[in-house]
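Peer 1: Here you go, this is model_3.tsv (TSV, N, CA and C atoms).
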```tsv
chain	number	residue	atom	x	y	z
A	1444	MET	N	-12.01	-45.07	-2.96
A	1444	MET	CA	-10.83	-44.80	-2.17
A	1444	MET	C	-11.21	-43.83	-1.04
A	1445	PRO	N	-10.91	-44.16	0.21
A	1445	PRO	CA	-11.28	-43.29	1.32
A	1445	PRO	C	-10.46	-42.01	1.33
A	1446	VAL	N	-11.09	-40.97	1.82
A	1446	VAL	CA	-10.40	-39.68	1.95
A	1446	VAL	C	-9.63	-39.69	3.27
A	1447	VAL	N	-8.37	-39.32	3.22
A	1447	VAL	CA	-7.53	-39.29	4.41
A	1447	VAL	C	-7.20	-37.84	4.73
A	1448	PHE	N	-7.57	-37.42	5.92
A	1448	PHE	CA	-7.24	-36.07	6.35
A	1448	PHE	C	-5.97	-36.12	7.17
A	1449	ARG	N	-5.02	-35.35	6.80
A	1449	ARG	CA	-3.76	-35.28	7.53
A	1449	ARG	C	-3.83	-34.10	8.50
A	1450	HIS	N	-3.47	-34.36	9.72
A	1450	HIS	CA	-3.48	-33.30	10.72
A	1450	HIS	C	-2.31	-32.38	10.44
A	1451	ARG	N	-2.61	-31.13	10.22
A	1451	ARG	CA	-1.54	-30.19	9.92
A	1451	ARG	C	-0.81	-29.81	11.20
A	1452	GLN	N	0.40	-29.37	11.04
A	1452	GLN	CA	1.19	-28.93	12.18
A	1452	GLN	C	0.90	-27.48	12.46
A	1453	ARG	N	1.01	-27.12	13.70
A	1453	ARG	CA	0.85	-25.73	14.11
A	1453	ARG	C	2.22	-25.16	14.41
A	1454	ALA	N	2.44	-23.96	13.98
A	1454	ALA	CA	3.70	-23.29	14.25
A	1454	ALA	C	3.51	-22.39	15.47
A	1455	ARG	N	4.00	-22.83	16.61
A	1455	ARG	CA	3.98	-21.97	17.79
A	1455	ARG	C	4.91	-20.80	17.52
A	1456	PHE	N	4.66	-19.70	18.18
A	1456	PHE	CA	5.58	-18.59	18.00
A	1456	PHE	C	5.90	-17.94	19.33
A	1457	ASP	N	7.05	-17.29	19.35
A	1457	ASP	CA	7.56	-16.68	20.57
A	1457	ASP	C	7.17	-15.22	20.65
A	1458	THR	N	6.88	-14.77	21.87
A	1458	THR	CA	6.71	-13.35	22.12
A	1458	THR	C	8.09	-12.76	22.39
A	1459	ALA	N	8.16	-11.46	22.53
A	1459	ALA	CA	9.43	-10.81	22.83
A	1459	ALA	C	10.01	-11.31	24.16
A	1460	GLU	N	9.11	-11.74	25.07
A	1460	GLU	CA	9.54	-12.26	26.37
A	1460	GLU	C	9.81	-13.76	26.32
A	1461	ARG	N	9.81	-14.33	25.14
A	1461	ARG	CA	10.08	-15.75	24.91
A	1461	ARG	C	8.99	-16.69	25.42
A	1462	HIS	N	7.77	-16.18	25.49
A	1462	HIS	CA	6.64	-17.05	25.78
A	1462	HIS	C	6.19	-17.69	24.47
A	1463	GLN	N	5.82	-18.95	24.51
A	1463	GLN	CA	5.38	-19.62	23.30
A	1463	GLN	C	3.86	-19.68	23.27
A	1464	LEU	N	3.29	-19.12	22.20
A	1464	LEU	CA	1.85	-19.08	22.03
A	1464	LEU	C	1.41	-20.13	21.02
A	1465	TYR	N	0.28	-20.75	21.31
A	1465	TYR	CA	-0.30	-21.76	20.44
A	1465	TYR	C	-1.47	-21.12	19.69
A	1466	PRO	N	-1.31	-20.84	18.39
A	1466	PRO	CA	-2.33	-20.09	17.66
A	1466	PRO	C	-3.49	-20.95	17.17
A	1467	LEU	N	-4.68	-20.43	17.36
A	1467	LEU	CA	-5.90	-21.04	16.82
A	1467	LEU	C	-6.72	-19.92	16.20
A	1468	ILE	N	-7.09	-20.09	14.95
A	1468	ILE	CA	-7.81	-19.05	14.24
A	1468	ILE	C	-9.30	-19.35	14.25
A	1469	CYS	N	-10.05	-18.37	14.71
A	1469	CYS	CA	-11.50	-18.39	14.73
A	1469	CYS	C	-12.05	-19.66	15.37
A	1470	TYR	N	-12.83	-20.41	14.64
A	1470	TYR	CA	-13.54	-21.56	15.19
A	1470	TYR	C	-12.67	-22.78	15.44
A	1471	GLU	N	-11.40	-22.73	15.07
A	1471	GLU	CA	-10.53	-23.87	15.36
A	1471	GLU	C	-10.52	-24.17	16.86
A	1472	ILE	N	-10.73	-23.16	17.67
A	1472	ILE	CA	-10.64	-23.34	19.11
A	1472	ILE	C	-11.75	-24.23	19.67
A	1473	ILE	N	-12.85	-24.38	18.97
A	1473	ILE	CA	-13.94	-25.19	19.53
A	1473	ILE	C	-13.83	-26.67	19.18
A	1474	PHE	N	-12.89	-27.03	18.33
A	1474	PHE	CA	-12.73	-28.42	17.91
A	1474	PHE	C	-11.50	-29.05	18.57
A	1475	PRO	N	-11.68	-29.96	19.51
A	1475	PRO	CA	-10.53	-30.60	20.16
A	1475	PRO	C	-9.59	-31.28	19.16
A	1476	SER	N	-10.12	-31.73	18.04
A	1476	SER	CA	-9.29	-32.42	17.05
A	1476	SER	C	-8.29	-31.47	16.38
A	1477	GLU	N	-8.44	-30.18	16.56
A	1477	GLU	CA	-7.50	-29.21	15.99
A	1477	GLU	C	-6.23	-29.07	16.83
A	1478	MET	N	-6.24	-29.60	18.04
A	1478	MET	CA	-5.08	-29.48	18.91
A	1478	MET	C	-4.03	-30.52	18.53
A	1479	THR	N	-2.78	-30.12	18.60
A	1479	THR	CA	-1.67	-31.04	18.38
A	1479	THR	C	-0.89	-31.15	19.69
A	1480	ASP	N	0.03	-32.06	19.74
A	1480	ASP	CA	0.82	-32.24	20.97
A	1480	ASP	C	1.64	-31.00	21.32
A	1481	ASP	N	1.87	-30.13	20.35
A	1481	ASP	CA	2.63	-28.90	20.62
A	1481	ASP	C	1.93	-27.99	21.63
A	1482	ILE	N	0.65	-28.19	21.82
A	1482	ILE	CA	-0.06	-27.35	22.79
A	1482	ILE	C	0.53	-27.53	24.18
A	1483	TYR	N	1.05	-28.73	24.46
A	1483	TYR	CA	1.62	-29.00	25.79
A	1483	TYR	C	2.98	-28.32	25.99
A	1484	LYS	N	3.57	-27.84	24.90
A	1484	LYS	CA	4.85	-27.12	24.99
A	1484	LYS	C	4.63	-25.61	24.98
A	1485	SER	N	3.37	-25.19	25.01
A	1485	SER	CA	3.02	-23.77	24.90
A	1485	SER	C	2.75	-23.16	26.27
A	1486	ASP	N	2.92	-21.85	26.34
A	1486	ASP	CA	2.65	-21.12	27.58
A	1486	ASP	C	1.23	-20.58	27.62
A	1487	ALA	N	0.61	-20.41	26.45
A	1487	ALA	CA	-0.75	-19.88	26.37
A	1487	ALA	C	-1.34	-20.20	25.00
A	1488	ILE	N	-2.65	-20.12	24.94
A	1488	ILE	CA	-3.37	-20.28	23.67
A	1488	ILE	C	-3.70	-18.88	23.17
A	1489	LEU	N	-3.48	-18.64	21.88
A	1489	LEU	CA	-3.85	-17.38	21.25
A	1489	LEU	C	-4.96	-17.67	20.25
A	1490	ASN	N	-6.10	-17.03	20.43
A	1490	ASN	CA	-7.24	-17.21	19.53
A	1490	ASN	C	-7.60	-15.86	18.92
A	1491	VAL	N	-7.43	-15.75	17.61
A	1491	VAL	CA	-7.78	-14.55	16.88
A	1491	VAL	C	-9.01	-14.88	16.04
A	1492	THR	N	-10.05	-14.03	16.15
A	1492	THR	CA	-11.30	-14.38	15.49
A	1492	THR	C	-12.04	-13.18	14.95
A	1493	ASN	N	-12.87	-13.42	13.97
A	1493	ASN	CA	-13.77	-12.42	13.40
A	1493	ASN	C	-15.19	-12.85	13.73
A	1494	ASP	N	-15.75	-12.27	14.76
A	1494	ASP	CA	-17.12	-12.63	15.16
A	1494	ASP	C	-18.15	-11.64	14.63
A	1495	ALA	N	-17.75	-10.73	13.75
A	1495	ALA	CA	-18.66	-9.68	13.27
A	1495	ALA	C	-19.89	-10.27	12.58
A	1496	TRP	N	-19.72	-11.35	11.88
A	1496	TRP	CA	-20.84	-11.91	11.12
A	1496	TRP	C	-21.95	-12.44	12.01
A	1497	PHE	N	-21.66	-12.66	13.30
A	1497	PHE	CA	-22.71	-13.08	14.23
A	1497	PHE	C	-23.74	-11.98	14.46
A	1498	GLY	N	-23.29	-10.73	14.37
A	1498	GLY	CA	-24.18	-9.62	14.66
A	1498	GLY	C	-24.55	-9.59	16.14
A	1499	ASP	N	-25.72	-9.06	16.43
A	1499	ASP	CA	-26.19	-8.96	17.81
A	1499	ASP	C	-27.00	-10.21	18.16
A	1500	THR	N	-26.31	-11.32	18.33
A	1500	THR	CA	-26.93	-12.61	18.63
A	1500	THR	C	-26.16	-13.25	19.78
A	1501	PRO	N	-26.60	-14.39	20.27
A	1501	PRO	CA	-25.84	-15.10	21.30
A	1501	PRO	C	-24.51	-15.67	20.79
A	1502	GLY	N	-24.30	-15.68	19.47
A	1502	GLY	CA	-23.12	-16.30	18.88
A	1502	GLY	C	-21.79	-15.90	19.48
A	1503	PRO	N	-21.48	-14.60	19.61
A	1503	PRO	CA	-20.18	-14.22	20.17
A	1503	PRO	C	-19.99	-14.73	21.60
A	1504	TYR	N	-21.06	-14.73	22.37
A	1504	TYR	CA	-20.97	-15.19	23.76
A	1504	TYR	C	-20.75	-16.71	23.83
A	1505	GLN	N	-21.42	-17.44	22.95
A	1505	GLN	CA	-21.23	-18.89	22.90
A	1505	GLN	C	-19.82	-19.25	22.45
A	1506	HIS	N	-19.32	-18.52	21.45
A	1506	HIS	CA	-17.97	-18.76	20.96
A	1506	HIS	C	-16.95	-18.51	22.08
A	1507	LEU	N	-17.15	-17.45	22.83
A	1507	LEU	CA	-16.27	-17.16	23.96
A	1507	LEU	C	-16.31	-18.29	25.00
A	1508	GLN	N	-17.49	-18.76	25.34
A	1508	GLN	CA	-17.61	-19.83	26.35
A	1508	GLN	C	-16.91	-21.10	25.89
A	1509	GLN	N	-17.02	-21.41	24.61
A	1509	GLN	CA	-16.35	-22.59	24.08
A	1509	GLN	C	-14.83	-22.43	24.15
A	1510	ALA	N	-14.35	-21.24	23.90
A	1510	ALA	CA	-12.90	-20.98	24.00
A	1510	ALA	C	-12.43	-21.13	25.44
A	1511	ARG	N	-13.23	-20.66	26.38
A	1511	ARG	CA	-12.87	-20.80	27.80
A	1511	ARG	C	-12.77	-22.28	28.20
A	1512	VAL	N	-13.64	-23.10	27.66
A	1512	VAL	CA	-13.59	-24.54	27.94
A	1512	VAL	C	-12.25	-25.11	27.49
A	1513	ARG	N	-11.77	-24.67	26.34
A	1513	ARG	CA	-10.50	-25.18	25.82
A	1513	ARG	C	-9.36	-24.79	26.76
A	1514	ALA	N	-9.39	-23.59	27.30
A	1514	ALA	CA	-8.35	-23.16	28.24
A	1514	ALA	C	-8.33	-24.06	29.46
A	1515	VAL	N	-9.50	-24.37	29.99
A	1515	VAL	CA	-9.60	-25.25	31.16
A	1515	VAL	C	-9.16	-26.66	30.81
A	1516	GLU	N	-9.60	-27.13	29.66
A	1516	GLU	CA	-9.26	-28.50	29.23
A	1516	GLU	C	-7.75	-28.72	29.18
A	1517	TYR	N	-7.01	-27.72	28.68
A	1517	TYR	CA	-5.57	-27.87	28.53
A	1517	TYR	C	-4.79	-27.21	29.65
A	1518	GLY	N	-5.48	-26.55	30.57
A	1518	GLY	CA	-4.79	-25.93	31.70
A	1518	GLY	C	-3.86	-24.82	31.27
A	1519	LEU	N	-4.27	-24.07	30.25
A	1519	LEU	CA	-3.44	-22.98	29.72
A	1519	LEU	C	-4.22	-21.67	29.71
A	1520	PRO	N	-3.54	-20.57	29.94
A	1520	PRO	CA	-4.20	-19.27	29.76
A	1520	PRO	C	-4.61	-19.10	28.30
A	1521	LEU	N	-5.59	-18.25	28.10
A	1521	LEU	CA	-6.11	-17.97	26.76
A	1521	LEU	C	-6.08	-16.47	26.52
A	1522	ILE	N	-5.54	-16.08	25.38
A	1522	ILE	CA	-5.60	-14.69	24.92
A	1522	ILE	C	-6.49	-14.72	23.69
A	1523	ARG	N	-7.63	-14.04	23.78
A	1523	ARG	CA	-8.61	-14.08	22.68
A	1523	ARG	C	-8.83	-12.67	22.16
A	1524	SER	N	-8.58	-12.48	20.87
A	1524	SER	CA	-8.77	-11.19	20.24
A	1524	SER	C	-9.84	-11.32	19.16
A	1525	ALA	N	-10.94	-10.60	19.37
A	1525	ALA	CA	-12.06	-10.62	18.41
A	1525	ALA	C	-12.27	-9.21	17.87
A	1526	ASN	N	-12.43	-9.10	16.56
A	1526	ASN	CA	-12.51	-7.78	15.95
A	1526	ASN	C	-13.73	-6.97	16.38
A	1527	THR	N	-14.78	-7.61	16.86
A	1527	THR	CA	-15.97	-6.88	17.30
A	1527	THR	C	-16.17	-7.00	18.81
A	1528	GLY	N	-15.12	-7.29	19.49
A	1528	GLY	CA	-15.22	-7.34	20.94
A	1528	GLY	C	-15.26	-8.73	21.51
A	1529	ILE	N	-15.57	-8.78	22.76
A	1529	ILE	CA	-15.41	-9.94	23.61
A	1529	ILE	C	-14.00	-10.51	23.41
A	1530	SER	N	-13.06	-9.60	23.53
A	1530	SER	CA	-11.65	-9.96	23.56
A	1530	SER	C	-11.29	-10.08	25.03
A	1531	VAL	N	-10.64	-11.17	25.39
A	1531	VAL	CA	-10.40	-11.44	26.80
A	1531	VAL	C	-9.03	-12.09	27.03
A	1532	VAL	N	-8.61	-12.01	28.27
A	1532	VAL	CA	-7.51	-12.83	28.77
A	1532	VAL	C	-8.15	-13.71	29.84
A	1533	VAL	N	-7.97	-15.01	29.68
A	1533	VAL	CA	-8.57	-16.00	30.56
A	1533	VAL	C	-7.45	-16.79	31.22
A	1534	ASP	N	-7.59	-17.07	32.52
A	1534	ASP	CA	-6.55	-17.88	33.17
A	1534	ASP	C	-6.78	-19.36	32.89
A	1535	ALA	N	-5.89	-20.19	33.36
A	1535	ALA	CA	-5.94	-21.63	33.07
A	1535	ALA	C	-7.13	-22.33	33.73
A	1536	HIS	N	-7.86	-21.61	34.58
A	1536	HIS	CA	-9.05	-22.16	35.22
A	1536	HIS	C	-10.33	-21.64	34.58
A	1537	GLY	N	-10.20	-20.90	33.48
A	1537	GLY	CA	-11.36	-20.39	32.77
A	1537	GLY	C	-11.91	-19.08	33.27
A	1538	ARG	N	-11.23	-18.48	34.22
A	1538	ARG	CA	-11.69	-17.19	34.76
A	1538	ARG	C	-11.22	-16.04	33.88
A	1539	ILE	N	-12.14	-15.14	33.57
A	1539	ILE	CA	-11.79	-13.97	32.76
A	1539	ILE	C	-11.05	-12.98	33.65
A	1540	ILE	N	-9.80	-12.69	33.27
A	1540	ILE	CA	-8.96	-11.78	34.03
A	1540	ILE	C	-9.19	-10.34	33.58
A	1541	SER	N	-9.34	-10.15	32.30
A	1541	SER	CA	-9.60	-8.84	31.76
A	1541	SER	C	-10.23	-9.01	30.39
A	1542	GLY	N	-10.96	-7.99	29.94
A	1542	GLY	CA	-11.60	-8.13	28.65
A	1542	GLY	C	-12.24	-6.86	28.14
A	1543	ILE	N	-12.74	-6.97	26.93
A	1543	ILE	CA	-13.40	-5.88	26.23
A	1543	ILE	C	-14.77	-6.40	25.80
A	1544	ASP	N	-15.81	-5.63	26.06
A	1544	ASP	CA	-17.18	-6.02	25.73
A	1544	ASP	C	-17.42	-6.07	24.22
A	1545	LEU	N	-18.50	-6.73	23.87
A	1545	LEU	CA	-18.94	-6.82	22.48
A	1545	LEU	C	-19.14	-5.42	21.90
A	1546	ASN	N	-18.59	-5.19	20.74
A	1546	ASN	CA	-18.70	-3.95	19.98
A	1546	ASN	C	-18.09	-2.73	20.66
A	1547	ALA	N	-17.30	-2.92	21.67
A	1547	ALA	CA	-16.61	-1.80	22.32
A	1547	ALA	C	-15.43	-1.38	21.45
A	1548	GLN	N	-15.17	-0.10	21.43
A	1548	GLN	CA	-14.03	0.43	20.69
A	1548	GLN	C	-13.02	0.91	21.71
A	1549	VAL	N	-11.88	0.28	21.72
A	1549	VAL	CA	-10.88	0.57	22.74
A	1549	VAL	C	-9.53	0.74	22.08
A	1550	PHE	N	-8.77	1.66	22.61
A	1550	PHE	CA	-7.39	1.87	22.17
A	1550	PHE	C	-6.50	1.59	23.37
A	1551	LEU	N	-5.59	0.67	23.20
A	1551	LEU	CA	-4.67	0.31	24.28
A	1551	LEU	C	-3.29	0.84	23.99
A	1552	MET	N	-2.69	1.43	25.00
A	1552	MET	CA	-1.31	1.88	24.87
A	1552	MET	C	-0.44	1.01	25.75
A	1553	LEU	N	0.62	0.52	25.20
A	1553	LEU	CA	1.57	-0.27	25.96
A	1553	LEU	C	2.67	0.62	26.49
A	1554	PRO	N	3.16	0.32	27.69
A	1554	PRO	CA	4.23	1.14	28.27
A	1554	PRO	C	5.51	1.06	27.45
```
If you took the structure in this file and wrote it as structure tokens, what would it be?

Peer 2:
Amino acid sequence: MPVVFRHRQRARFDTAERHQLYPLICYEIIFPSEMTDDIYKSDAILNVTNDAWFGDTPGPYQHLQQARVRAVEYGLPLIRSANTGISVVVDAHGRIISGIDLNAQVFLMLP
């Protein structure tokens, strides 16, 4: 009997400003098959990841580049939060608007 994989649904969520974010956890962002049609109803992609296990290797940089490709592919901004850095905001054209370097420790205060 063949194994059938069912594509799970993604629950978009609203920000306080009523923007709808399309969540992708860690490596889900590099697989186009993880996207559902709900991505087209979203205002941005949110990628939360733990890249610590990569250590000081090219891995975090490659993961970031793959995430940027997804932003360009879908024409959506990307908000990427990584626990060991390379956290960025990317525009819909793949340009990094702002970010935090690998292993940087930063405290952000919101107004």

Peer 1: With all atoms listed in the file as the atoms that count, which of A:Leu1464, A:Ala1459, A:Leu1545, A:Ile1540 lies nearest to Pro1503 of chain A?

Peer 2: A:Leu1545

Peer 1: Which polymer residues have any atom within 7 Å of an atom of Val1531 of chain A, counting only C-alpha atoms, with same-chain residues fewer than 2 positions away left out, as number ranges by chain?

Peer 2: A: 1522-1524, 1529, 1533, 1539, 1541-1543

Peer 1: Give me, as a short mmCIF file (atom, residue, chain, number, x, y, z; two decimals) with N, CA and C atoms, in the frame of the given file, all polymer residues having an atom no more than 12 Å from Gly1498 of chain A, counting only C-alpha atoms and skipping those fewer than 5 positions away in the same chain.

Peer 2:
```
data_model
loop_
_atom_site.label_atom_id
_atom_site.label_comp_id
_atom_site.auth_asym_id
_atom_site.auth_seq_id
_atom_site.Cartn_x
_atom_site.Cartn_y
_atom_site.Cartn_z
N ASN A 1493 -12.87 -13.42 13.97
CA ASN A 1493 -13.77 -12.42 13.40
C ASN A 1493 -15.19 -12.85 13.73
N PRO A 1503 -21.48 -14.60 19.61
CA PRO A 1503 -20.18 -14.22 20.17
C PRO A 1503 -19.99 -14.73 21.60
N TYR A 1504 -21.06 -14.73 22.37
CA TYR A 1504 -20.97 -15.19 23.76
C TYR A 1504 -20.75 -16.71 23.83
N ASN A 1526 -12.43 -9.10 16.56
CA ASN A 1526 -12.51 -7.78 15.95
C ASN A 1526 -13.73 -6.97 16.38
N THR A 1527 -14.78 -7.61 16.86
CA THR A 1527 -15.97 -6.88 17.30
C THR A 1527 -16.17 -7.00 18.81
N GLY A 1528 -15.12 -7.29 19.49
CA GLY A 1528 -15.22 -7.34 20.94
C GLY A 1528 -15.26 -8.73 21.51
N LEU A 1545 -18.50 -6.73 23.87
CA LEU A 1545 -18.94 -6.82 22.48
C LEU A 1545 -19.14 -5.42 21.90
N ASN A 1546 -18.59 -5.19 20.74
CA ASN A 1546 -18.70 -3.95 19.98
C ASN A 1546 -18.09 -2.73 20.66
#
```

Peer 1: Determine which residues of chain A DSSP labels as strand (DSSP E) from the backbone of this structure, then write them out as a PDB file with N, CA and C atoms, in the coordinates of the input.

Peer 2:
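Listed below is the output, out-v4.pdb:
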```
ATOM      1  N   PHE A1456       4.660 -19.700  18.180  1.00  0.00           N
ATOM      2  CA  PHE A1456       5.580 -18.590  18.000  1.00  0.00           C
ATOM      3  C   PHE A1456       5.900 -17.940  19.330  1.00  0.00           C
ATOM      4  N   ASP A1457       7.050 -17.290  19.350  1.00  0.00           N
ATOM      5  CA  ASP A1457       7.560 -16.680  20.570  1.00  0.00           C
ATOM      6  C   ASP A1457       7.170 -15.220  20.650  1.00  0.00           C
ATOM      7  N   GLN A1463       5.820 -18.950  24.510  1.00  0.00           N
ATOM      8  CA  GLN A1463       5.380 -19.620  23.300  1.00  0.00           C
ATOM      9  C   GLN A1463       3.860 -19.680  23.270  1.00  0.00           C
ATOM     10  N   LEU A1464       3.290 -19.120  22.200  1.00  0.00           N
ATOM     11  CA  LEU A1464       1.850 -19.080  22.030  1.00  0.00           C
ATOM     12  C   LEU A1464       1.410 -20.130  21.020  1.00  0.00           C
ATOM     13  N   TYR A1465       0.280 -20.750  21.310  1.00  0.00           N
ATOM     14  CA  TYR A1465      -0.300 -21.760  20.440  1.00  0.00           C
ATOM     15  C   TYR A1465      -1.470 -21.120  19.690  1.00  0.00           C
ATOM     16  N   PRO A1466      -1.310 -20.840  18.390  1.00  0.00           N
ATOM     17  CA  PRO A1466      -2.330 -20.090  17.660  1.00  0.00           C
ATOM     18  C   PRO A1466      -3.490 -20.950  17.170  1.00  0.00           C
ATOM     19  N   LEU A1467      -4.680 -20.430  17.360  1.00  0.00           N
ATOM     20  CA  LEU A1467      -5.900 -21.040  16.820  1.00  0.00           C
ATOM     21  C   LEU A1467      -6.720 -19.920  16.200  1.00  0.00           C
ATOM     22  N   ILE A1468      -7.090 -20.090  14.950  1.00  0.00           N
ATOM     23  CA  ILE A1468      -7.810 -19.050  14.240  1.00  0.00           C
ATOM     24  C   ILE A1468      -9.300 -19.350  14.250  1.00  0.00           C
ATOM     25  N   ALA A1487       0.610 -20.410  26.450  1.00  0.00           N
ATOM     26  CA  ALA A1487      -0.750 -19.880  26.370  1.00  0.00           C
ATOM     27  C   ALA A1487      -1.340 -20.200  25.000  1.00  0.00           C
ATOM     28  N   ILE A1488      -2.650 -20.120  24.940  1.00  0.00           N
ATOM     29  CA  ILE A1488      -3.370 -20.280  23.670  1.00  0.00           C
ATOM     30  C   ILE A1488      -3.700 -18.880  23.170  1.00  0.00           C
ATOM     31  N   LEU A1489      -3.480 -18.640  21.880  1.00  0.00           N
ATOM     32  CA  LEU A1489      -3.850 -17.380  21.250  1.00  0.00           C
ATOM     33  C   LEU A1489      -4.960 -17.670  20.250  1.00  0.00           C
ATOM     34  N   ASN A1490      -6.100 -17.030  20.430  1.00  0.00           N
ATOM     35  CA  ASN A1490      -7.240 -17.210  19.530  1.00  0.00           C
ATOM     36  C   ASN A1490      -7.600 -15.860  18.920  1.00  0.00           C
ATOM     37  N   VAL A1491      -7.430 -15.750  17.610  1.00  0.00           N
ATOM     38  CA  VAL A1491      -7.780 -14.550  16.880  1.00  0.00           C
ATOM     39  C   VAL A1491      -9.010 -14.880  16.040  1.00  0.00           C
ATOM     40  N   THR A1492     -10.050 -14.030  16.150  1.00  0.00           N
ATOM     41  CA  THR A1492     -11.300 -14.380  15.490  1.00  0.00           C
ATOM     42  C   THR A1492     -12.040 -13.180  14.950  1.00  0.00           C
ATOM     43  N   LEU A1521      -5.590 -18.250  28.100  1.00  0.00           N
ATOM     44  CA  LEU A1521      -6.110 -17.970  26.760  1.00  0.00           C
ATOM     45  C   LEU A1521      -6.080 -16.470  26.520  1.00  0.00           C
ATOM     46  N   ILE A1522      -5.540 -16.080  25.380  1.00  0.00           N
ATOM     47  CA  ILE A1522      -5.600 -14.690  24.920  1.00  0.00           C
ATOM     48  C   ILE A1522      -6.490 -14.720  23.690  1.00  0.00           C
ATOM     49  N   ARG A1523      -7.630 -14.040  23.780  1.00  0.00           N
ATOM     50  CA  ARG A1523      -8.610 -14.080  22.680  1.00  0.00           C
ATOM     51  C   ARG A1523      -8.830 -12.670  22.160  1.00  0.00           C
ATOM     52  N   SER A1524      -8.580 -12.480  20.870  1.00  0.00           N
ATOM     53  CA  SER A1524      -8.770 -11.190  20.240  1.00  0.00           C
ATOM     54  C   SER A1524      -9.840 -11.320  19.160  1.00  0.00           C
ATOM     55  N   ALA A1525     -10.940 -10.600  19.370  1.00  0.00           N
ATOM     56  CA  ALA A1525     -12.060 -10.620  18.410  1.00  0.00           C
ATOM     57  C   ALA A1525     -12.270  -9.210  17.870  1.00  0.00           C
ATOM     58  N   SER A1530     -13.060  -9.600  23.530  1.00  0.00           N
ATOM     59  CA  SER A1530     -11.650  -9.960  23.560  1.00  0.00           C
ATOM     60  C   SER A1530     -11.290 -10.080  25.030  1.00  0.00           C
ATOM     61  N   VAL A1531     -10.640 -11.170  25.390  1.00  0.00           N
ATOM     62  CA  VAL A1531     -10.400 -11.440  26.800  1.00  0.00           C
ATOM     63  C   VAL A1531      -9.030 -12.090  27.030  1.00  0.00           C
ATOM     64  N   VAL A1532      -8.610 -12.010  28.270  1.00  0.00           N
ATOM     65  CA  VAL A1532      -7.510 -12.830  28.770  1.00  0.00           C
ATOM     66  C   VAL A1532      -8.150 -13.710  29.840  1.00  0.00           C
ATOM     67  N   VAL A1533      -7.970 -15.010  29.680  1.00  0.00           N
ATOM     68  CA  VAL A1533      -8.570 -16.000  30.560  1.00  0.00           C
ATOM     69  C   VAL A1533      -7.450 -16.790  31.220  1.00  0.00           C
ATOM     70  N   ILE A1539     -12.140 -15.140  33.570  1.00  0.00           N
ATOM     71  CA  ILE A1539     -11.790 -13.970  32.760  1.00  0.00           C
ATOM     72  C   ILE A1539     -11.050 -12.980  33.650  1.00  0.00           C
ATOM     73  N   ILE A1540      -9.800 -12.690  33.270  1.00  0.00           N
ATOM     74  CA  ILE A1540      -8.960 -11.780  34.030  1.00  0.00           C
ATOM     75  C   ILE A1540      -9.190 -10.340  33.580  1.00  0.00           C
ATOM     76  N   SER A1541      -9.340 -10.150  32.300  1.00  0.00           N
ATOM     77  CA  SER A1541      -9.600  -8.840  31.760  1.00  0.00           C
ATOM     78  C   SER A1541     -10.230  -9.010  30.390  1.00  0.00           C
ATOM     79  N   GLY A1542     -10.960  -7.990  29.940  1.00  0.00           N
ATOM     80  CA  GLY A1542     -11.600  -8.130  28.650  1.00  0.00           C
ATOM     81  C   GLY A1542     -12.240  -6.860  28.140  1.00  0.00           C
ATOM     82  N   ILE A1543     -12.740  -6.970  26.930  1.00  0.00           N
ATOM     83  CA  ILE A1543     -13.400  -5.880  26.230  1.00  0.00           C
ATOM     84  C   ILE A1543     -14.770  -6.400  25.800  1.00  0.00           C
TER      85      ILE A1543
END
```

Peer 1: DSSP on the backbone: which residues in chain A end up as alpha helix (DSSP H)? Give the answer as a list of chain:residue names.

Peer 2: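 Residues of chain A classed as alpha helix (DSSP H): A:Gly1502, A:Pro1503, A:Tyr1504, A:Gln1505, A:His1506, A:Leu1507, A:Gln1508, A:Gln1509, A:Ala1510, A:Arg1511, A:Val1512, A:Arg1513, A:Ala1514, A:Val1515, A:Glu1516, A:Tyr1517.
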
Peer 1: From the set A:Thr1479, A:Val1491, A:His1536, A:Thr1458, which residue has the shortest atom-to-atom contact distance to Ala1514 of chain A, counting only N, CA and C atoms?

Peer 2: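 Closest to Ala1514 of chain A of all the choices is A:His1536.
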
Peer 1: For atom CA of Phe1497 of chain A and atom CA of Val1512 of chain A, quote the distance in Å rounded to one decimal.

Peer 2: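 Computed distance, atom CA of Phe1497 of chain A to atom CA of Val1512 of chain A, equals 20.1 Å.
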
Peer 1: Between atom N of Leu1519 of chain A and atom C of Arg1461 of chain A, what is the distance in Å, rounded to a tenth?

Peer 2: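 Separating atom N of Leu1519 of chain A from atom C of Arg1461 of chain A is a distance of 15.9 Å.
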
Peer 1: Quick one: of A:Pro1475, A:Pro1501, A:Gly1518, A:Pro1466, who's nearest to Ala1535 of chain A, counting only C-alpha atoms?

Peer 2: A:Gly1518

Peer 1: Between A:Leu1467, A:Ala1510, A:Ala1547, A:Ala1454, which has the minimum distance to Asp1481 of chain A (counting only C-alpha atoms)?

Peer 2: A:Ala1454

Peer 1: Find the spatial neighbours of segment 1470-1474 of chain A, counting all atoms listed in the file, within a cut-off of 6.5 Å - ignore same-chain residues fewer than 5 positions away - and output them as a PyMOL selection string.

Peer 2: chain A and resi 1492+1509-1510+1513

Peer 1: For the atom pair atom CA of Tyr1483 of chain A and atom CA of Cys1469 of chain A, what is the interatomic distance in Å to one decimal place?

Peer 2: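 Between atom CA of Tyr1483 of chain A and atom CA of Cys1469 of chain A the gap works out to 20.2 Å.
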
Peer 1: Box for segment 1485-1500 of chain A - axis-aligned, 3 Å on each of the six sides, all listed atoms - centre and size in Å to one decimal, as AutoDock Vina command-line options.

Peer 2:
```
--center_x -11.8 --center_y -17.1 --center_z 19.4 --size_x 36.4 --size_y 22.2 --size_z 22.5
```
